[in-house]
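Printed here is entry09.txt (compact mmCIF, C-alpha atoms):
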```txt
# COMPACT_ATOMS: atom_id res chain seq x y z
CA MET M 1 73.02 -51.26 -19.16
CA THR M 2 76.32 -49.79 -18.10
CA PRO M 3 76.60 -46.22 -16.78
CA ASP M 4 78.44 -45.24 -19.97
CA GLU M 5 75.67 -46.69 -22.17
CA ILE M 6 73.05 -44.81 -20.17
CA ALA M 7 75.03 -41.54 -20.36
CA ARG M 8 75.03 -41.75 -24.18
CA LEU M 9 71.23 -42.02 -24.38
CA PRO M 10 69.17 -38.93 -25.27
CA TYR M 11 66.45 -37.34 -23.17
CA ARG M 12 62.81 -37.92 -24.14
CA PRO M 13 61.04 -34.64 -25.07
CA CYS M 14 58.17 -34.20 -22.64
CA VAL M 15 55.71 -31.66 -21.38
CA GLY M 16 54.48 -31.25 -17.83
CA VAL M 17 51.29 -29.52 -16.68
CA VAL M 18 50.86 -27.54 -13.49
CA LEU M 19 47.08 -27.26 -13.17
CA THR M 20 46.24 -24.79 -10.44
CA HIS M 21 43.06 -24.14 -8.53
CA VAL M 22 41.96 -20.54 -8.04
CA ASP M 23 43.22 -20.83 -4.43
CA GLY M 24 46.74 -21.67 -5.62
CA ARG M 25 46.80 -25.40 -4.89
CA VAL M 26 47.92 -27.75 -7.66
CA PHE M 27 46.37 -30.86 -9.17
CA ALA M 28 48.15 -34.06 -8.17
CA GLY M 29 47.25 -37.51 -9.40
CA GLN M 30 48.05 -40.90 -7.91
CA ARG M 31 49.65 -42.97 -10.66
CA ALA M 32 47.29 -45.79 -11.63
CA ASP M 33 50.16 -48.16 -12.39
CA MET M 34 51.63 -47.98 -8.87
CA ASP M 35 50.39 -49.77 -5.77
CA SER M 36 52.36 -47.58 -3.40
CA PRO M 37 51.74 -43.82 -3.18
CA ALA M 38 53.15 -42.15 -6.30
CA TRP M 39 51.65 -38.72 -6.82
CA GLN M 40 52.57 -36.47 -9.72
CA MET M 41 51.28 -33.78 -12.05
CA PRO M 42 50.11 -34.59 -15.59
CA GLN M 43 52.93 -35.07 -18.07
CA GLY M 44 53.73 -36.92 -21.25
CA GLY M 45 55.75 -37.08 -24.43
CA ILE M 46 55.68 -34.46 -27.13
CA ASP M 47 54.59 -35.96 -30.43
CA THR M 48 56.46 -35.28 -33.68
CA GLY M 49 55.42 -31.89 -35.08
CA GLU M 50 53.70 -30.88 -31.85
CA THR M 51 54.63 -27.75 -29.88
CA PRO M 52 55.05 -28.06 -26.11
CA LEU M 53 51.88 -25.99 -25.62
CA ASP M 54 49.89 -28.22 -27.98
CA ALA M 55 51.21 -31.26 -26.11
CA ALA M 56 50.26 -29.69 -22.77
CA TYR M 57 46.64 -29.21 -23.87
CA ARG M 58 46.53 -32.75 -25.26
CA GLU M 59 48.05 -34.36 -22.16
CA LEU M 60 45.75 -32.36 -19.89
CA ARG M 61 42.73 -33.62 -21.84
CA GLU M 62 43.94 -37.24 -22.05
CA GLU M 63 44.94 -37.58 -18.39
CA THR M 64 42.34 -35.42 -16.62
CA GLY M 65 39.48 -34.93 -19.07
CA VAL M 66 39.91 -31.15 -18.75
CA ASP M 67 39.40 -29.28 -22.04
CA ALA M 68 41.26 -26.21 -23.25
CA GLY M 69 38.10 -24.18 -22.69
CA ASP M 70 38.15 -25.13 -18.98
CA VAL M 71 41.53 -23.53 -18.29
CA ARG M 72 43.41 -20.27 -18.60
CA LEU M 73 47.06 -20.34 -19.70
CA LEU M 74 49.19 -18.68 -17.03
CA ALA M 75 52.83 -19.43 -17.87
CA GLU M 76 55.45 -21.64 -19.48
CA THR M 77 58.86 -22.39 -18.01
CA ALA M 78 61.63 -20.27 -19.48
CA ASP M 79 63.87 -23.29 -20.00
CA TRP M 80 63.72 -27.04 -20.37
CA HIS M 81 64.23 -29.10 -17.21
CA HIS M 82 66.01 -32.48 -17.33
CA TYR M 83 65.95 -35.48 -15.06
CA ASP M 84 67.69 -38.84 -15.21
CA LEU M 85 65.84 -42.03 -14.39
CA PRO M 86 67.35 -44.27 -11.74
CA PRO M 87 69.84 -46.54 -13.60
CA GLU M 88 67.88 -49.71 -12.81
CA VAL M 89 64.78 -48.25 -14.50
CA VAL M 90 66.42 -47.12 -17.76
CA PRO M 91 66.38 -50.54 -19.52
CA THR M 92 62.65 -51.06 -18.91
CA ARG M 93 61.19 -47.55 -19.36
CA TRP M 94 60.57 -46.45 -22.95
CA LYS M 95 62.29 -49.65 -24.17
CA GLY M 96 65.66 -48.38 -22.94
CA ARG M 97 65.82 -45.60 -25.55
CA TYR M 98 66.09 -42.65 -23.15
CA ARG M 99 68.09 -41.81 -20.03
CA GLY M 100 65.33 -39.55 -18.69
CA GLN M 101 63.23 -36.64 -19.84
CA ALA M 102 63.70 -33.07 -21.00
CA GLN M 103 60.56 -31.28 -19.87
CA LYS M 104 58.91 -28.01 -20.77
CA TRP M 105 56.29 -27.10 -18.16
CA VAL M 106 53.05 -25.19 -18.68
CA GLN M 107 50.85 -23.69 -15.97
CA PHE M 108 47.09 -23.55 -16.42
CA GLU M 109 44.43 -22.35 -13.98
CA LEU M 110 41.20 -24.36 -13.88
CA THR M 111 38.35 -21.95 -14.63
CA ALA M 112 35.59 -24.58 -14.62
CA PRO M 113 34.15 -26.51 -11.65
CA ASP M 114 36.13 -29.48 -10.32
CA ARG M 115 33.52 -31.83 -11.79
CA VAL M 116 35.12 -31.43 -15.25
CA ILE M 117 38.01 -33.55 -13.99
CA ASN M 118 37.47 -37.07 -15.33
CA LEU M 119 40.32 -39.51 -14.78
CA THR M 120 38.77 -42.11 -17.09
CA HIS M 121 38.34 -39.78 -20.08
CA LYS M 122 40.96 -41.52 -22.26
CA ASP M 123 44.25 -42.81 -20.89
CA VAL M 124 43.85 -43.90 -17.28
CA GLU M 125 47.03 -42.44 -15.85
CA PHE M 126 45.68 -41.66 -12.39
CA SER M 127 43.57 -43.69 -9.98
CA ASP M 128 42.84 -40.73 -7.68
CA TRP M 129 43.48 -37.00 -7.54
CA ARG M 130 43.42 -34.08 -5.15
CA TRP M 131 44.43 -30.45 -4.84
CA MET M 132 47.73 -30.05 -2.94
CA THR M 133 49.97 -27.26 -1.82
CA GLY M 134 53.45 -27.15 -3.30
CA PRO M 135 55.08 -28.55 -0.13
CA GLU M 136 52.54 -31.39 0.07
CA LEU M 137 53.27 -32.40 -3.51
CA LEU M 138 57.03 -32.14 -3.04
CA SER M 139 56.81 -34.47 -0.04
CA LEU M 140 54.98 -37.11 -2.14
CA ILE M 141 56.76 -36.97 -5.51
CA VAL M 142 59.35 -39.64 -6.29
CA PRO M 143 62.78 -38.41 -5.16
CA PHE M 144 64.40 -38.31 -8.62
CA LYS M 145 61.73 -35.84 -9.86
CA ARG M 146 61.73 -33.66 -6.73
CA PRO M 147 64.37 -31.14 -7.92
CA ILE M 148 62.45 -30.43 -11.14
CA TYR M 149 59.15 -30.11 -9.30
CA ALA M 150 60.72 -27.73 -6.78
CA ALA M 151 62.22 -25.59 -9.57
CA VAL M 152 59.01 -25.49 -11.61
CA LEU M 153 56.78 -24.66 -8.64
CA ALA M 154 59.20 -21.92 -7.60
CA GLU M 155 59.31 -20.48 -11.11
CA PHE M 156 55.51 -20.37 -11.23
CA GLY M 157 55.25 -18.97 -7.68
CA VAL M 158 53.27 -21.96 -6.38
CA ARG M 159 53.35 -22.27 -2.58
```

Using the file provided, produce a representation of the structure as structure tokens.
Amino acid sequence: MTPDEIARLPYRPCVGVVLTHVDGRVFAGQRADMDSPAWQMPQGGIDTGETPLDAAYRELREETGVDAGDVRLLAETADWHHYDLPPEVVPTRWKGRYRGQAQKWVQFELTAPDRVINLTHKDVEFSDWRWMTGPELLSLIVPFKRPIYAAVLAEFGVR
């Protein structure tokens, strides 16, 4: 695809989840579809007719096995955050229909024991997980998502 073709593509509506531990660290998962280290927070598309908050609860459940009753809603980002995929990825991701994602982020605090986290609950998105500080996660996220992660963590006061 040419740069002009990519620039004309829309952003995919998406929700991201910042799941925090009581001590302030955040959940990070190693993407199951990547052999090299690729850590990120849960995220996924918003289905037609779904609110960002509804999508956040659904994605949290699908990707981590954590139920709505296991978390406390802390915050939502004030605005949508956008990122562009690297140009070489656009034709293969989401069948070339989107240039990147427009993301609304939701912060939950886990109120249940860690054992409720089950990476094989439904969609196996992550092969491993751990609690990380904000700087640890920022050092491991793919570079094109780093600015959004930094902005979201700052907005939510995650250190």

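Among the candidate residues M:Pro135, M:Pro87, M:Gly69, M:Pro3, the one lying nearest to Phe108 in chain M is M:Gly69, with distances computed using all atoms listed in the file.
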
Coordinates-based distance that separates CA of Lys145 in chain M from CA of Ala112 in chain M (Å, one decimal): 28.9 Å

CA of Pro42 in chain M to CA of Glu5 in chain M, distance in Å rounded to a single decimal: 29.0 Å

Protein/DNA/RNA residues near (64.4, -45.6, -11.4), cut 12 Å, only C-alpha atoms, as a PyMOL selection string: chain M and resi 83-93+96+99-100+142-145

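Proximity to Glu50 in chain M was assessed for M:Val22, M:Leu73, M:Cys14, M:Leu137 counting only C-alpha atoms; the smallest distance is recorded for M:Cys14.
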
Shell around Leu119 in chain M at 8 Å using all atoms listed in the file, local window under 4 positions removed, as a list in words: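 Returned residues: Glu63, Thr64, Gly65, Asp123, Val124, Glu125, Phe126, Ser127 and Asp128 of chain M.
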
Spatial neighbours of Ala102 in chain M, max dist 8 Å, only C-alpha atoms, sep filter under 4 positions, as a VMD selection string: chain M and resid 11 to 14 80 to 83

Could you write out the selected residues, including C-alpha atoms, as a CSV table (one decimal), in the coordinates of the input?
```
chain,number,residue,atom,x,y,z
M,11,TYR,CA,66.4,-37.3,-23.2
M,12,ARG,CA,62.8,-37.9,-24.1
M,13,PRO,CA,61.0,-34.6,-25.1
M,14,CYS,CA,58.2,-34.2,-22.6
M,80,TRP,CA,63.7,-27.0,-20.4
M,81,HIS,CA,64.2,-29.1,-17.2
M,82,HIS,CA,66.0,-32.5,-17.3
M,83,TYR,CA,66.0,-35.5,-15.1
```

Using all atoms listed in the file, determine which residues lie at most 10 Å from His21 in chain M, disregarding the query and same-chain residues fewer than 2 positions distant; provide the list as a PDB file with C-alpha atoms, in the frame of the given file.
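In the end it all went to part_0.pdb:
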```pdb
ATOM      1  CA  VAL M  18      50.860 -27.540 -13.490  1.00  0.00           C
ATOM      2  CA  LEU M  19      47.080 -27.260 -13.170  1.00  0.00           C
ATOM      3  CA  ASP M  23      43.220 -20.830  -4.430  1.00  0.00           C
ATOM      4  CA  GLY M  24      46.740 -21.670  -5.620  1.00  0.00           C
ATOM      5  CA  ARG M  25      46.800 -25.400  -4.890  1.00  0.00           C
ATOM      6  CA  VAL M  26      47.920 -27.750  -7.660  1.00  0.00           C
ATOM      7  CA  PHE M  27      46.370 -30.860  -9.170  1.00  0.00           C
ATOM      8  CA  VAL M  71      41.530 -23.530 -18.290  1.00  0.00           C
ATOM      9  CA  PHE M 108      47.090 -23.550 -16.420  1.00  0.00           C
ATOM     10  CA  GLU M 109      44.430 -22.350 -13.980  1.00  0.00           C
ATOM     11  CA  LEU M 110      41.200 -24.360 -13.880  1.00  0.00           C
ATOM     12  CA  THR M 111      38.350 -21.950 -14.630  1.00  0.00           C
ATOM     13  CA  ALA M 112      35.590 -24.580 -14.620  1.00  0.00           C
ATOM     14  CA  PRO M 113      34.150 -26.510 -11.650  1.00  0.00           C
ATOM     15  CA  ASP M 114      36.130 -29.480 -10.320  1.00  0.00           C
ATOM     16  CA  TRP M 131      44.430 -30.450  -4.840  1.00  0.00           C
ATOM     17  CA  MET M 132      47.730 -30.050  -2.940  1.00  0.00           C
TER      18      MET M 132
END
```

Top pick for closest residue to Ala78 in chain M, considering M:Ala7, M:Val66, M:Val106, M:Met34 and counting all atoms listed in the file: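 Smallest distance to Ala78 in chain M is found for M:Val106.
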
Point-to-point distance in Å for CA of Asp33 in chain M and CA of Arg72 in chain M: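 Interatomic distance, CA of Arg72 in chain M to CA of Asp33 in chain M: 29.4 Å.
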
Answer as a ChimeraX atom specification, residues within 12 Å of (61.4, -20.6, -12.2) using all atoms listed in the file: /M:75-81,104-107,147-158

Some atoms are absent from range 90-106 of chain M, so rebuild N, CA and C atoms and return them as a tab-separated table (two decimals), in the frame of the given file.
```tsv
chain	number	residue	atom	x	y	z
M	90	VAL	N	66.15	-47.49	-16.37
M	90	VAL	CA	66.42	-47.12	-17.76
M	90	VAL	C	66.14	-48.26	-18.75
M	91	PRO	N	66.61	-49.49	-18.51
M	91	PRO	CA	66.38	-50.54	-19.52
M	91	PRO	C	64.91	-50.90	-19.75
M	92	THR	N	64.05	-50.64	-18.78
M	92	THR	CA	62.65	-51.06	-18.91
M	92	THR	C	61.70	-49.93	-19.29
M	93	ARG	N	62.06	-48.69	-19.03
M	93	ARG	CA	61.19	-47.55	-19.36
M	93	ARG	C	61.48	-47.11	-20.78
M	94	TRP	N	60.46	-46.90	-21.56
M	94	TRP	CA	60.57	-46.45	-22.95
M	94	TRP	C	61.52	-47.34	-23.76
M	95	LYS	N	61.49	-48.64	-23.45
M	95	LYS	CA	62.29	-49.65	-24.17
M	95	LYS	C	63.78	-49.35	-24.14
M	96	GLY	N	64.23	-48.67	-23.10
M	96	GLY	CA	65.66	-48.38	-22.94
M	96	GLY	C	66.22	-47.37	-23.92
M	97	ARG	N	65.36	-46.57	-24.55
M	97	ARG	CA	65.82	-45.60	-25.55
M	97	ARG	C	66.24	-44.26	-24.98
M	98	TYR	N	65.83	-43.97	-23.73
M	98	TYR	CA	66.09	-42.65	-23.15
M	98	TYR	C	66.67	-42.79	-21.75
M	99	ARG	N	67.50	-41.84	-21.37
M	99	ARG	CA	68.09	-41.81	-20.03
M	99	ARG	C	67.18	-41.12	-19.02
M	100	GLY	N	66.25	-40.33	-19.52
M	100	GLY	CA	65.33	-39.55	-18.69
M	100	GLY	C	64.51	-38.66	-19.59
M	101	GLN	N	64.08	-37.53	-19.06
M	101	GLN	CA	63.23	-36.64	-19.84
M	101	GLN	C	63.75	-35.21	-19.80
M	102	ALA	N	63.53	-34.52	-20.91
M	102	ALA	CA	63.70	-33.07	-21.00
M	102	ALA	C	62.29	-32.51	-21.02
M	103	GLN	N	61.95	-31.71	-20.03
M	103	GLN	CA	60.56	-31.28	-19.87
M	103	GLN	C	60.40	-29.78	-19.98
M	104	LYS	N	59.39	-29.39	-20.74
M	104	LYS	CA	58.91	-28.01	-20.77
M	104	LYS	C	57.62	-28.03	-19.96
M	105	TRP	N	57.46	-27.11	-19.03
M	105	TRP	CA	56.29	-27.10	-18.16
M	105	TRP	C	55.38	-25.92	-18.49
M	106	VAL	N	54.08	-26.18	-18.40
M	106	VAL	CA	53.05	-25.19	-18.68
M	106	VAL	C	52.13	-25.11	-17.46
```
